[in-house]
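Trainee: Sharing input01.csv, CSV, C-alpha atoms:
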```csv
chain,number,residue,atom,x,y,z
A,851,MET,CA,-51.0,263.9,-9.9
A,852,ALA,CA,-47.6,263.9,-8.4
A,853,ARG,CA,-46.0,261.3,-10.7
A,854,GLY,CA,-47.7,262.9,-13.6
A,855,GLY,CA,-46.1,266.2,-12.7
A,856,LEU,CA,-42.7,264.6,-12.6
A,857,ALA,CA,-43.3,262.9,-16.0
A,858,LEU,CA,-44.5,266.2,-17.6
A,859,THR,CA,-41.5,268.1,-16.1
A,860,GLY,CA,-39.2,265.4,-17.4
A,861,LEU,CA,-40.8,265.6,-20.9
A,862,ALA,CA,-40.5,269.4,-20.8
A,863,LEU,CA,-36.8,269.2,-19.9
A,864,CYS,CA,-36.2,266.6,-22.7
A,865,GLY,CA,-38.0,268.9,-25.1
A,866,ALA,CA,-35.9,271.9,-24.0
A,867,SER,CA,-32.8,269.8,-24.4
A,868,GLY,CA,-33.8,268.9,-28.0
A,869,VAL,CA,-34.4,272.6,-28.8
A,870,LEU,CA,-31.0,273.6,-27.3
A,871,LEU,CA,-29.1,270.8,-29.1
A,872,GLY,CA,-30.9,271.7,-32.3
A,873,LEU,CA,-29.9,275.3,-32.0
A,874,ASN,CA,-26.4,274.2,-31.1
A,875,ARG,CA,-26.2,272.2,-34.3
A,876,PHE,CA,-27.9,274.6,-36.8
A,877,LEU,CA,-27.2,278.1,-35.5
A,878,GLY,CA,-23.6,277.4,-34.4
A,879,ASP,CA,-22.1,280.7,-35.4
A,880,ARG,CA,-24.8,283.0,-34.1
A,881,PRO,CA,-24.7,284.6,-30.6
A,882,VAL,CA,-27.3,283.4,-28.0
A,883,LEU,CA,-28.4,286.9,-27.4
A,884,GLY,CA,-27.9,288.7,-30.7
A,885,GLU,CA,-29.1,291.9,-32.4
A,886,GLY,CA,-32.0,289.9,-33.9
A,887,THR,CA,-33.3,288.8,-30.5
A,888,SER,CA,-32.8,292.2,-28.9
A,889,GLY,CA,-34.6,293.8,-31.8
A,890,PHE,CA,-37.5,291.4,-31.6
A,891,ILE,CA,-37.9,292.1,-27.9
A,892,ALA,CA,-37.8,295.9,-28.6
A,893,ARG,CA,-40.4,295.7,-31.4
A,894,ASN,CA,-42.9,293.6,-29.4
A,895,PRO,CA,-44.1,295.3,-26.2
A,896,TRP,CA,-46.1,292.1,-25.3
A,897,PHE,CA,-42.9,290.1,-24.9
A,898,TRP,CA,-42.0,290.9,-21.2
A,899,PRO,CA,-45.6,290.8,-19.9
A,900,ALA,CA,-46.0,287.4,-21.7
A,901,VAL,CA,-42.7,286.2,-20.0
A,902,ALA,CA,-44.0,287.5,-16.6
A,903,GLY,CA,-47.3,285.7,-17.1
A,904,LEU,CA,-45.6,282.4,-18.0
A,905,LEU,CA,-43.2,282.6,-15.1
A,906,THR,CA,-46.1,283.5,-12.7
A,907,ALA,CA,-48.0,280.4,-14.0
A,908,VAL,CA,-44.9,278.3,-13.4
A,909,ALA,CA,-44.6,279.7,-9.9
A,910,VAL,CA,-48.3,279.1,-9.1
A,911,LEU,CA,-48.1,275.5,-10.4
A,912,GLY,CA,-45.0,274.9,-8.3
A,913,THR,CA,-46.6,276.3,-5.2
A,914,CYS,CA,-49.8,274.3,-5.6
A,915,TRP,CA,-47.8,271.2,-6.2
A,916,LEU,CA,-45.8,271.8,-3.0
A,917,LEU,CA,-49.0,272.4,-1.0
A,918,ILE,CA,-50.6,269.2,-2.5
A,919,GLN,CA,-47.4,267.3,-1.6
A,920,GLY,CA,-47.5,268.6,1.9
A,921,ARG,CA,-51.2,267.7,2.3
A,922,THR,CA,-50.7,264.2,0.9
A,923,ALA,CA,-47.7,263.5,3.1
A,924,ALA,CA,-49.6,264.7,6.1
A,925,LEU,CA,-52.7,262.6,5.3
A,926,ARG,CA,-50.4,259.5,4.9
A,927,ARG,CA,-48.7,260.1,8.3
A,928,PHE,CA,-51.2,261.8,10.6
A,929,SER,CA,-54.7,261.6,11.6
A,930,LEU,CA,-56.7,264.8,11.1
A,931,LEU,CA,-59.6,263.8,13.3
A,932,GLY,CA,-60.5,265.6,16.4
A,933,GLY,CA,-62.8,265.5,19.5
A,934,ARG,CA,-65.1,262.6,20.1
A,935,ARG,CA,-64.2,260.9,16.8
A,936,LYS,CA,-60.5,260.9,17.7
A,937,ALA,CA,-61.2,259.3,21.0
A,938,LEU,CA,-63.4,256.7,19.4
A,939,THR,CA,-60.8,255.9,16.8
A,940,ASN,CA,-58.0,255.6,19.4
A,941,GLU,CA,-60.0,253.1,21.4
A,942,ALA,CA,-60.8,251.1,18.2
A,943,VAL,CA,-57.1,251.1,17.3
A,944,ALA,CA,-56.3,249.7,20.7
A,945,GLY,CA,-58.9,247.0,20.2
A,946,LEU,CA,-57.6,246.1,16.7
A,947,THR,CA,-54.1,245.9,18.1
A,948,ARG,CA,-55.2,243.4,20.8
A,949,GLU,CA,-57.1,241.3,18.3
A,950,VAL,CA,-54.2,241.1,15.8
A,951,LEU,CA,-51.8,240.2,18.6
A,952,GLU,CA,-53.9,237.2,19.5
A,953,LEU,CA,-53.6,235.7,16.0
A,954,PRO,CA,-51.2,232.7,15.5
A,955,GLY,CA,-47.7,233.6,14.5
A,956,VAL,CA,-48.0,237.3,15.3
A,957,HIS,CA,-45.2,238.7,17.6
A,958,ASP,CA,-46.0,242.4,17.5
A,959,VAL,CA,-48.2,244.8,15.7
A,960,ARG,CA,-48.3,248.6,15.3
A,961,VAL,CA,-51.5,250.2,14.2
A,962,ARG,CA,-51.8,253.7,13.1
A,963,PHE,CA,-54.8,255.6,11.9
A,964,THR,CA,-54.2,258.4,9.4
A,965,GLY,CA,-56.1,260.6,7.0
A,966,THR,CA,-59.5,262.3,7.4
A,967,ARG,CA,-63.1,261.2,7.9
A,968,SER,CA,-63.6,261.3,4.2
A,969,ARG,CA,-60.3,259.6,3.3
A,970,PRO,CA,-59.4,257.4,6.2
A,971,ARG,CA,-56.5,254.9,6.3
A,972,VAL,CA,-55.3,252.5,8.8
A,973,MET,CA,-51.7,251.2,8.6
A,974,LEU,CA,-50.7,247.9,10.3
A,975,GLN,CA,-47.1,246.9,10.7
A,976,ILE,CA,-47.3,243.2,11.6
A,977,LEU,CA,-44.2,241.4,12.9
A,978,CYS,CA,-44.6,237.7,12.7
A,979,HIS,CA,-42.7,234.5,12.9
A,980,GLU,CA,-41.0,233.3,9.7
A,981,SER,CA,-43.2,230.1,9.7
A,982,ALA,CA,-46.5,232.1,10.1
A,983,ASP,CA,-49.2,231.4,7.6
A,984,LEU,CA,-49.4,234.9,6.0
A,985,GLY,CA,-52.3,234.0,3.8
A,986,LEU,CA,-54.4,233.0,6.8
A,987,LEU,CA,-53.4,236.1,8.8
A,988,LEU,CA,-54.3,238.3,5.9
A,989,ALA,CA,-57.7,236.6,5.5
A,990,ARG,CA,-58.4,236.7,9.3
A,991,ILE,CA,-57.5,240.4,9.5
A,992,SER,CA,-59.3,241.5,6.3
A,993,GLU,CA,-62.5,239.5,6.9
A,994,ASP,CA,-62.8,239.7,10.7
A,995,SER,CA,-60.8,242.3,12.5
A,996,LEU,CA,-60.9,245.1,9.9
A,997,VAL,CA,-64.6,244.6,9.3
A,998,ARG,CA,-65.3,245.1,13.0
A,999,PHE,CA,-62.9,248.0,13.1
A,1000,ARG,CA,-64.8,249.8,10.2
A,1001,GLU,CA,-68.1,249.2,12.0
A,1002,VAL,CA,-66.8,250.6,15.3
A,1003,ILE,CA,-65.4,253.8,13.8
A,1004,GLU,CA,-68.3,254.1,11.4
A,1005,MET,CA,-66.0,254.4,8.3
A,1006,PRO,CA,-67.0,251.8,5.8
A,1007,ASP,CA,-64.6,253.3,3.2
A,1008,LEU,CA,-61.6,252.8,5.3
A,1009,HIS,CA,-58.5,251.6,3.4
A,1010,ALA,CA,-56.2,249.3,5.3
A,1011,VAL,CA,-52.5,248.9,4.5
A,1012,LEU,CA,-50.7,245.9,5.9
A,1013,ARG,CA,-47.0,245.5,6.0
A,1014,PHE,CA,-45.7,242.1,7.1
A,1015,ARG,CA,-42.3,241.8,8.6
A,1016,LEU,CA,-40.8,238.5,9.7
A,1017,VAL,CA,-38.9,237.7,12.9
A,1018,TYR,CA,-35.9,235.6,11.9
A,1019,GLN,CA,-34.5,232.7,13.8
A,1020,GLU,CA,-30.7,233.4,13.4
A,1021,THR,CA,-29.6,229.8,14.0
A,1022,ARG,CA,-31.7,226.9,13.0
A,1023,ILE,CA,-31.0,223.3,14.0
A,1024,ALA,CA,-32.7,221.0,11.5
B,893,MET,CA,-78.4,230.3,-12.2
B,894,GLY,CA,-75.8,230.2,-15.0
B,895,GLU,CA,-76.1,234.0,-15.4
B,896,THR,CA,-75.6,234.6,-11.7
B,897,LEU,CA,-72.5,232.4,-11.7
B,898,VAL,CA,-71.0,234.3,-14.6
B,899,THR,CA,-71.9,237.6,-13.0
B,900,GLU,CA,-70.3,236.5,-9.7
B,901,LEU,CA,-67.2,235.2,-11.5
B,902,PHE,CA,-66.7,238.4,-13.5
B,903,GLY,CA,-67.5,240.5,-10.4
B,904,ASP,CA,-64.9,238.6,-8.3
B,905,SER,CA,-62.3,238.9,-11.0
B,906,ALA,CA,-63.1,242.7,-11.3
B,907,ARG,CA,-62.7,243.0,-7.5
B,908,ARG,CA,-59.4,241.1,-7.6
B,909,ARG,CA,-58.1,243.4,-10.4
B,910,GLU,CA,-59.1,246.4,-8.4
B,911,ALA,CA,-57.4,245.0,-5.3
B,912,ARG,CA,-54.3,244.3,-7.3
B,913,ARG,CA,-54.3,247.9,-8.8
B,914,ARG,CA,-54.8,249.5,-5.4
B,915,THR,CA,-52.1,247.5,-3.8
B,916,ALA,CA,-49.7,248.4,-6.5
B,917,ARG,CA,-50.5,252.0,-6.1
B,918,GLU,CA,-50.3,251.9,-2.3
B,919,PHE,CA,-46.9,250.4,-2.2
B,920,ARG,CA,-45.4,252.3,-5.1
B,921,LYS,CA,-42.4,254.2,-3.8
B,922,GLU,CA,-43.2,257.8,-3.0
B,923,ARG,CA,-41.1,260.2,-5.0
B,924,THR,CA,-41.4,262.9,-2.3
B,925,ALA,CA,-37.9,264.2,-2.5
B,926,ALA,CA,-37.9,264.5,-6.3
B,927,GLU,CA,-41.4,266.0,-6.4
B,928,SER,CA,-40.6,268.5,-3.6
B,929,ALA,CA,-37.4,269.5,-5.3
B,930,VAL,CA,-39.0,270.1,-8.7
B,931,ALA,CA,-42.0,271.9,-7.2
B,932,PHE,CA,-39.8,274.1,-5.1
B,933,ALA,CA,-37.5,274.9,-8.1
B,934,MET,CA,-40.6,275.8,-10.2
B,935,ALA,CA,-42.0,278.0,-7.4
B,936,ALA,CA,-38.7,279.7,-6.7
B,937,CYS,CA,-37.5,280.3,-10.3
B,938,GLY,CA,-40.9,281.2,-11.6
B,939,GLY,CA,-41.6,283.6,-8.7
B,940,LEU,CA,-38.1,285.2,-8.8
B,941,GLY,CA,-38.3,285.6,-12.6
B,942,ALA,CA,-41.8,287.0,-12.6
B,943,GLY,CA,-40.9,289.3,-9.7
B,944,GLU,CA,-37.8,290.6,-11.5
B,945,VAL,CA,-39.7,291.3,-14.7
B,946,LEU,CA,-42.5,293.2,-12.8
B,947,ALA,CA,-40.0,295.0,-10.6
B,948,ARG,CA,-38.0,296.3,-13.6
B,949,ARG,CA,-41.2,297.6,-15.2
B,950,TYR,CA,-41.4,300.0,-12.2
B,951,GLY,CA,-37.7,300.8,-12.1
B,952,HIS,CA,-36.8,298.4,-9.3
B,953,HIS,CA,-34.8,295.2,-9.1
B,954,LEU,CA,-35.1,291.9,-7.2
B,955,VAL,CA,-31.9,290.6,-8.6
B,956,PRO,CA,-28.8,293.0,-8.3
B,957,PRO,CA,-28.4,294.8,-11.6
B,958,ALA,CA,-24.7,293.9,-11.8
B,959,TRP,CA,-25.7,290.2,-12.1
B,960,THR,CA,-28.2,290.7,-14.9
B,961,GLU,CA,-25.8,292.9,-16.8
B,962,ARG,CA,-23.1,290.3,-16.5
B,963,LEU,CA,-25.6,287.6,-17.6
B,964,ASN,CA,-26.5,289.7,-20.6
B,965,ALA,CA,-22.9,290.3,-21.5
B,966,GLU,CA,-22.1,286.5,-21.3
B,967,LEU,CA,-25.1,285.6,-23.4
B,968,ARG,CA,-24.1,288.2,-26.1
B,969,ALA,CA,-20.6,286.7,-26.1
B,970,LEU,CA,-21.8,283.0,-26.1
B,971,LEU,CA,-22.5,281.4,-29.5
B,972,TRP,CA,-25.1,278.7,-30.0
B,973,GLY,CA,-22.3,276.4,-31.3
B,974,ASP,CA,-20.3,276.8,-28.1
B,975,PRO,CA,-19.5,273.5,-26.2
B,976,ALA,CA,-21.1,275.0,-23.1
B,977,VAL,CA,-24.5,275.1,-24.9
B,978,GLU,CA,-24.1,271.5,-26.0
B,979,LEU,CA,-23.2,270.5,-22.5
B,980,ALA,CA,-26.2,272.3,-21.1
B,981,GLY,CA,-28.4,270.5,-23.7
B,982,TYR,CA,-27.1,267.1,-22.6
B,983,LEU,CA,-27.5,267.9,-18.9
B,984,LEU,CA,-31.1,269.0,-19.5
B,985,TRP,CA,-31.7,265.7,-21.3
B,986,ILE,CA,-30.2,263.7,-18.5
B,987,ALA,CA,-32.3,265.6,-15.9
B,988,GLY,CA,-35.4,265.1,-18.0
B,989,MET,CA,-34.8,261.3,-18.4
B,990,ALA,CA,-34.1,261.0,-14.7
B,991,LEU,CA,-37.4,262.6,-13.9
B,992,LEU,CA,-39.2,260.4,-16.5
B,993,LEU,CA,-37.7,257.3,-15.0
B,994,LEU,CA,-38.6,258.3,-11.5
B,995,ALA,CA,-42.2,258.9,-12.6
B,996,VAL,CA,-42.6,255.7,-14.6
B,997,LEU,CA,-40.7,253.1,-12.5
B,998,PRO,CA,-42.7,251.8,-9.6
B,999,GLY,CA,-39.8,251.5,-7.3
B,1000,TYR,CA,-41.0,248.7,-5.0
B,1001,ALA,CA,-38.3,246.2,-6.0
B,1002,ARG,CA,-37.7,245.2,-2.4
B,1003,THR,CA,-41.4,244.6,-1.5
B,1004,GLU,CA,-43.5,241.7,-2.5
B,1005,LEU,CA,-47.1,242.7,-3.0
B,1006,LEU,CA,-49.6,240.1,-1.8
B,1007,ARG,CA,-52.7,238.8,-3.5
B,1008,GLY,CA,-56.1,239.7,-2.1
B,1009,ASP,CA,-59.7,239.9,-3.0
B,1010,ASP,CA,-60.6,243.0,-1.1
B,1011,PRO,CA,-59.8,246.3,-2.8
B,1012,ALA,CA,-60.0,248.0,0.6
B,1013,VAL,CA,-57.0,246.0,1.9
B,1014,SER,CA,-53.5,246.3,0.5
B,1015,ALA,CA,-50.8,244.0,1.8
B,1016,ALA,CA,-47.1,243.4,1.2
B,1017,LEU,CA,-44.1,241.5,2.6
B,1018,SER,CA,-40.4,242.5,2.2
B,1019,ARG,CA,-38.5,240.4,-0.4
B,1020,GLU,CA,-36.1,239.4,2.4
B,1021,GLY,CA,-39.1,238.2,4.4
B,1022,LEU,CA,-40.3,236.1,1.4
B,1023,ARG,CA,-36.8,234.6,1.0
B,1024,ARG,CA,-36.6,233.8,4.7
B,1025,SER,CA,-40.0,232.3,4.9
B,1026,LEU,CA,-39.3,230.0,1.9
B,1027,ALA,CA,-36.0,229.0,3.5
B,1028,ASP,CA,-37.8,228.2,6.7
B,1029,ALA,CA,-40.3,226.0,4.8
B,1030,ALA,CA,-37.3,224.2,3.1
B,1031,LEU,CA,-35.6,223.6,6.5
B,1032,GLY,CA,-38.8,222.1,7.8
B,1033,THR,CA,-38.5,219.2,5.4
B,1034,PRO,CA,-37.1,216.0,6.9
B,1035,GLY,CA,-33.4,215.5,6.1
B,1036,VAL,CA,-32.7,219.1,4.9
B,1037,VAL,CA,-29.9,220.8,7.0
B,1038,ARG,CA,-29.2,223.9,5.0
B,1039,ALA,CA,-31.3,226.0,2.6
B,1040,ARG,CA,-30.6,229.1,0.5
B,1041,VAL,CA,-33.2,230.9,-1.4
B,1042,ARG,CA,-32.8,233.4,-4.2
B,1043,VAL,CA,-35.8,235.6,-5.2
B,1044,GLY,CA,-35.4,237.3,-8.6
B,1045,ARG,CA,-37.2,236.7,-11.9
B,1046,ARG,CA,-37.6,233.2,-10.6
B,1047,ILE,CA,-37.3,231.6,-7.2
B,1048,THR,CA,-34.3,229.3,-6.7
B,1049,VAL,CA,-34.0,227.1,-3.6
B,1050,ARG,CA,-30.7,225.3,-3.0
B,1051,ALA,CA,-30.9,222.9,-0.1
B,1052,LYS,CA,-28.4,220.5,1.4
B,1053,ALA,CA,-29.5,217.2,2.9
B,1054,ARG,CA,-28.0,215.0,5.5
B,1055,ARG,CA,-25.8,212.1,4.3
B,1056,GLY,CA,-27.9,209.1,3.5
B,1057,THR,CA,-31.0,211.1,2.6
B,1058,PRO,CA,-32.6,209.5,-0.5
B,1059,PRO,CA,-33.0,211.6,-3.7
B,1060,GLU,CA,-36.8,211.2,-3.3
B,1061,ALA,CA,-36.5,213.9,-0.5
B,1062,LEU,CA,-36.6,216.4,-3.3
B,1063,VAL,CA,-40.4,215.8,-3.7
B,1064,PRO,CA,-41.5,216.8,-0.2
B,1065,LEU,CA,-39.0,219.7,-0.3
B,1066,ARG,CA,-40.5,221.1,-3.4
B,1067,ARG,CA,-44.0,220.5,-2.1
B,1068,ALA,CA,-43.2,222.4,1.1
B,1069,VAL,CA,-41.7,225.3,-0.7
B,1070,LEU,CA,-44.6,225.6,-3.1
B,1071,ALA,CA,-47.1,225.2,-0.3
B,1072,ARG,CA,-45.5,228.0,1.7
B,1073,LEU,CA,-45.4,230.2,-1.5
B,1074,GLU,CA,-49.1,229.6,-2.0
B,1075,GLU,CA,-49.8,230.5,1.7
B,1076,ILE,CA,-47.9,233.7,1.4
B,1077,GLY,CA,-49.6,234.5,-2.0
B,1078,PRO,CA,-47.4,237.0,-3.7
B,1079,GLN,CA,-49.1,238.8,-6.6
B,1080,ARG,CA,-46.1,238.1,-8.9
B,1081,ARG,CA,-46.1,234.5,-9.9
B,1082,ARG,CA,-42.7,233.1,-10.6
B,1083,ALA,CA,-41.2,229.8,-11.7
B,1084,VAL,CA,-39.7,227.9,-8.8
B,1085,ALA,CA,-36.5,225.8,-9.1
B,1086,VAL,CA,-35.6,223.5,-6.2
B,1087,ARG,CA,-32.2,221.8,-6.0
B,1088,LEU,CA,-31.2,219.3,-3.3
B,1089,GLY,CA,-27.5,218.5,-2.7
B,1090,ARG,CA,-26.3,215.8,-0.3
B,1091,GLY,CA,-23.5,215.6,2.2
B,1092,GLY,CA,-24.3,218.4,4.7
```
Output the file's structure as structure tokens, nothing else.
Mentor:
Amino acid sequence: MARGGLALTGLALCGASGVLLGLNRFLGDRPVLGEGTSGFIARNPWFWPAVAGLLTAVAVLGTCWLLIQGRTAALRRFSLLGGRRKALTNEAVAGLTREVLELPGVHDVRVRFTGTRSRPRVMLQILCHESADLGLLLARISEDSLVRFREVIEMPDLHAVLRFRLVYQETRIA
Amino acid sequence: MGETLVTELFGDSARRREARRRTAREFRKERTAAESAVAFAMAACGGLGAGEVLARRYGHHLVPPAWTERLNAELRALLWGDPAVELAGYLLWIAGMALLLLAVLPGYARTELLRGDDPAVSAALSREGLRRSLADAALGTPGVVRARVRVGRRITVRAKARRGTPPEALVPLRRAVLARLEEIGPQRRRAVAVRLGRGG
């Protein structure tokens, strides 16, 4: 929704720009707020209520968009679980961390559970040696560690996001 | 049996496509700042404008009357052909195009998305990490003393070998780089050029 909103706003601005440049080209000698415009507003009592309605709709859309933004950002960064489930998840995260650390080539890992019970996510930042077999690590984590993790926390729909970073050897003697 | 194999093959390829799509969406750069700014501007301007119109209906003001009178006077004096109107038009166009580009461009140029079969797992490596890993693979080849890797539309590996290293050393070097690339498994497939100079 968010990027669609940006695109629509962008299109609306480009459209408004087209209208403004068209009026600039074809109505060059007329004032922006002339007698004709003032007269039109005076003759049509629905004008200001329509403007108020349109502006209210824009304000409501903007507010909803801000709320959705905030919720999405929170779901991506924080866990909204509580009580027993939170404790179970924390324990499972510790177990997953230990498992991944034991894999060949892994220097460090940070595991973070985010989201809700219905939309869970686990983020893994894996720091490994530059010669590590990333394909093998990815396969081991996806097919073993994450499968067990999903079973333990009882969330089969869990989405996992893995970011690999490499530890570099600054000097290398070949 | 043939039917099962075809179903499995199509099923697998559908899973891989779904995995690819989810990974691309997961690592697409968030446009939080732009979205928040636009949403806030909409809420603020829309709210203030609607509030002012409603307040005026009942004889009150949200915006100081002197400001609205001044705005009215300036709009009456301003002609459509004025350069200020033209400038405003172009500025609106630039702002609109900027938002469109932010919406359309994925924005993960520095991240290499990795291939996978599981739509429930998305993985990525930094482009710098890819570069360094391939350089590491090149340096692991016998005779190679220096290696520089460039990752762009294609991958270019420039390596320097010890004096006396035969030209055939290019073969294991290329094999090592390709093998490492296959292990890493980036989604984006690129041509790989490997060059070996001597005298390091």
Trainee: Select residues of chain B: the criterion is any atom within 6 Å of an atom of chain A, counting all atoms listed in the file; output as an MDAnalysis selection string.
Mentor: chainID B and resid 931 934:935 938:939 942 967:968 970:973 978 981 984:985 988 991:992 995 1012:1017 1021 1025 1037 1075:1076
Trainee: Just the residues within 7 Å of A:Arg967, please, counting only C-alpha atoms, with nothing from its chain fewer than 2 positions along; format it as a ChimeraX atom specification.
Mentor: /A:931,969-970
Trainee: May I have the protein, DNA and RNA residues with an atom at most 10 Å from (-40.2, 230.9, -14.1), counting all atoms listed in the file in the file's coordinates, returned as a list in words?
Mentor: Gly1044, Arg1045, Arg1046, Ile1047, Thr1048, Arg1081, Arg1082, Ala1083, Val1084 and Ala1085 of chain B
Trainee: Kindly save the residues from that selection, with C-alpha atoms included, as a PDB file, in the coordinates of the input.
Mentor:
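Resulting contents of selection.pdb:
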```pdb
ATOM      1  CA  GLY B1044     -35.400 237.300  -8.600  1.00  0.00           C
ATOM      2  CA  ARG B1045     -37.200 236.700 -11.900  1.00  0.00           C
ATOM      3  CA  ARG B1046     -37.600 233.200 -10.600  1.00  0.00           C
ATOM      4  CA  ILE B1047     -37.300 231.600  -7.200  1.00  0.00           C
ATOM      5  CA  THR B1048     -34.300 229.300  -6.700  1.00  0.00           C
ATOM      6  CA  ARG B1081     -46.100 234.500  -9.900  1.00  0.00           C
ATOM      7  CA  ARG B1082     -42.700 233.100 -10.600  1.00  0.00           C
ATOM      8  CA  ALA B1083     -41.200 229.800 -11.700  1.00  0.00           C
ATOM      9  CA  VAL B1084     -39.700 227.900  -8.800  1.00  0.00           C
ATOM     10  CA  ALA B1085     -36.500 225.800  -9.100  1.00  0.00           C
TER      11      ALA B1085
END
```
Trainee: So what do you get for atom CA of B:Arg1087 versus atom CA of B:Leu1022, distance-wise?
Mentor: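 Calculated distance between atom CA of B:Arg1087 and atom CA of B:Leu1022 is 18.0 Å.
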Trainee: Can you list, as a PDB file with C-alpha atoms, in the coordinates of the input, every protein, DNA or RNA residue that comes within 6 Å of stretch 932-945 of chain A when you count all atoms listed in the file, leaving out same-chain residues fewer than 2 positions away?
Mentor:
```pdb
ATOM      1  CA  THR A 947     -54.100 245.900  18.100  1.00  0.00           C
ATOM      2  CA  ARG A 948     -55.200 243.400  20.800  1.00  0.00           C
ATOM      3  CA  ILE A1003     -65.400 253.800  13.800  1.00  0.00           C
TER       4      ILE A1003
END
```
Trainee: Residues proximal to (-34.8, 232.7, 2.1) were defined as those with any atom within 9 Å of that point in the file's coordinates, counting all atoms listed in the file. Which are they, as number ranges by chain?
Mentor: B: 1019-1028, 1030, 1039-1043, 1049
Trainee: Which polymer residues have any atom within 9 Å of an atom of B:Arg909, counting only C-alpha atoms, with same-chain residues fewer than 4 positions away left out, as a PDB file with C-alpha atoms, in the frame of the given file?
Mentor:
```
ATOM      1  CA  ASP B 904     -64.900 238.600  -8.300  1.00  0.00           C
ATOM      2  CA  SER B 905     -62.300 238.900 -11.000  1.00  0.00           C
ATOM      3  CA  ARG B 913     -54.300 247.900  -8.800  1.00  0.00           C
ATOM      4  CA  ARG B 914     -54.800 249.500  -5.400  1.00  0.00           C
ATOM      5  CA  ASP B1009     -59.700 239.900  -3.000  1.00  0.00           C
ATOM      6  CA  PRO B1011     -59.800 246.300  -2.800  1.00  0.00           C
TER       7      PRO B1011
END
```
Trainee: Would you mind completing stretch 919-935 of chain B so that it carries N, CA and C atoms, and writing it out as a PDB file, in the frame of the given file?
Mentor:
```pdb
ATOM      1  N   PHE B 919     -48.229 250.684  -2.548  1.00  0.00           N
ATOM      2  CA  PHE B 919     -46.900 250.400  -2.200  1.00  0.00           C
ATOM      3  C   PHE B 919     -45.839 250.910  -3.187  1.00  0.00           C
ATOM      4  N   ARG B 920     -46.326 251.655  -4.152  1.00  0.00           N
ATOM      5  CA  ARG B 920     -45.400 252.300  -5.100  1.00  0.00           C
ATOM      6  C   ARG B 920     -44.583 253.294  -4.277  1.00  0.00           C
ATOM      7  N   LYS B 921     -43.288 253.321  -4.570  1.00  0.00           N
ATOM      8  CA  LYS B 921     -42.400 254.200  -3.800  1.00  0.00           C
ATOM      9  C   LYS B 921     -42.806 255.659  -3.989  1.00  0.00           C
ATOM     10  N   GLU B 922     -42.907 256.386  -2.876  1.00  0.00           N
ATOM     11  CA  GLU B 922     -43.200 257.800  -3.000  1.00  0.00           C
ATOM     12  C   GLU B 922     -41.977 258.525  -3.530  1.00  0.00           C
ATOM     13  N   ARG B 923     -42.198 259.425  -4.391  1.00  0.00           N
ATOM     14  CA  ARG B 923     -41.100 260.200  -5.000  1.00  0.00           C
ATOM     15  C   ARG B 923     -41.072 261.588  -4.325  1.00  0.00           C
ATOM     16  N   THR B 924     -41.256 261.621  -3.029  1.00  0.00           N
ATOM     17  CA  THR B 924     -41.400 262.900  -2.300  1.00  0.00           C
ATOM     18  C   THR B 924     -40.282 263.840  -2.515  1.00  0.00           C
ATOM     19  N   ALA B 925     -39.069 263.326  -2.385  1.00  0.00           N
ATOM     20  CA  ALA B 925     -37.900 264.200  -2.500  1.00  0.00           C
ATOM     21  C   ALA B 925     -37.822 264.836  -3.871  1.00  0.00           C
ATOM     22  N   ALA B 926     -37.960 264.008  -4.908  1.00  0.00           N
ATOM     23  CA  ALA B 926     -37.900 264.500  -6.300  1.00  0.00           C
ATOM     24  C   ALA B 926     -38.999 265.520  -6.552  1.00  0.00           C
ATOM     25  N   GLU B 927     -40.212 265.150  -6.142  1.00  0.00           N
ATOM     26  CA  GLU B 927     -41.400 266.000  -6.400  1.00  0.00           C
ATOM     27  C   GLU B 927     -41.225 267.344  -5.663  1.00  0.00           C
ATOM     28  N   SER B 928     -40.788 267.266  -4.405  1.00  0.00           N
ATOM     29  CA  SER B 928     -40.600 268.500  -3.600  1.00  0.00           C
ATOM     30  C   SER B 928     -39.552 269.384  -4.238  1.00  0.00           C
ATOM     31  N   ALA B 929     -38.448 268.771  -4.676  1.00  0.00           N
ATOM     32  CA  ALA B 929     -37.400 269.500  -5.300  1.00  0.00           C
ATOM     33  C   ALA B 929     -37.826 270.237  -6.553  1.00  0.00           C
ATOM     34  N   VAL B 930     -38.520 269.499  -7.406  1.00  0.00           N
ATOM     35  CA  VAL B 930     -39.000 270.100  -8.700  1.00  0.00           C
ATOM     36  C   VAL B 930     -40.020 271.177  -8.398  1.00  0.00           C
ATOM     37  N   ALA B 931     -40.966 270.900  -7.487  1.00  0.00           N
ATOM     38  CA  ALA B 931     -42.000 271.900  -7.200  1.00  0.00           C
ATOM     39  C   ALA B 931     -41.385 273.158  -6.595  1.00  0.00           C
ATOM     40  N   PHE B 932     -40.409 272.976  -5.695  1.00  0.00           N
ATOM     41  CA  PHE B 932     -39.800 274.100  -5.100  1.00  0.00           C
ATOM     42  C   PHE B 932     -39.005 274.943  -6.150  1.00  0.00           C
ATOM     43  N   ALA B 933     -38.298 274.227  -7.031  1.00  0.00           N
ATOM     44  CA  ALA B 933     -37.500 274.900  -8.100  1.00  0.00           C
ATOM     45  C   ALA B 933     -38.493 275.707  -8.993  1.00  0.00           C
ATOM     46  N   MET B 934     -39.631 275.120  -9.321  1.00  0.00           N
ATOM     47  CA  MET B 934     -40.600 275.800 -10.200  1.00  0.00           C
ATOM     48  C   MET B 934     -41.116 277.074  -9.446  1.00  0.00           C
ATOM     49  N   ALA B 935     -41.483 276.905  -8.168  1.00  0.00           N
ATOM     50  CA  ALA B 935     -42.000 278.000  -7.400  1.00  0.00           C
ATOM     51  C   ALA B 935     -40.988 279.144  -7.271  1.00  0.00           C
TER      52      ALA B 935
END
```
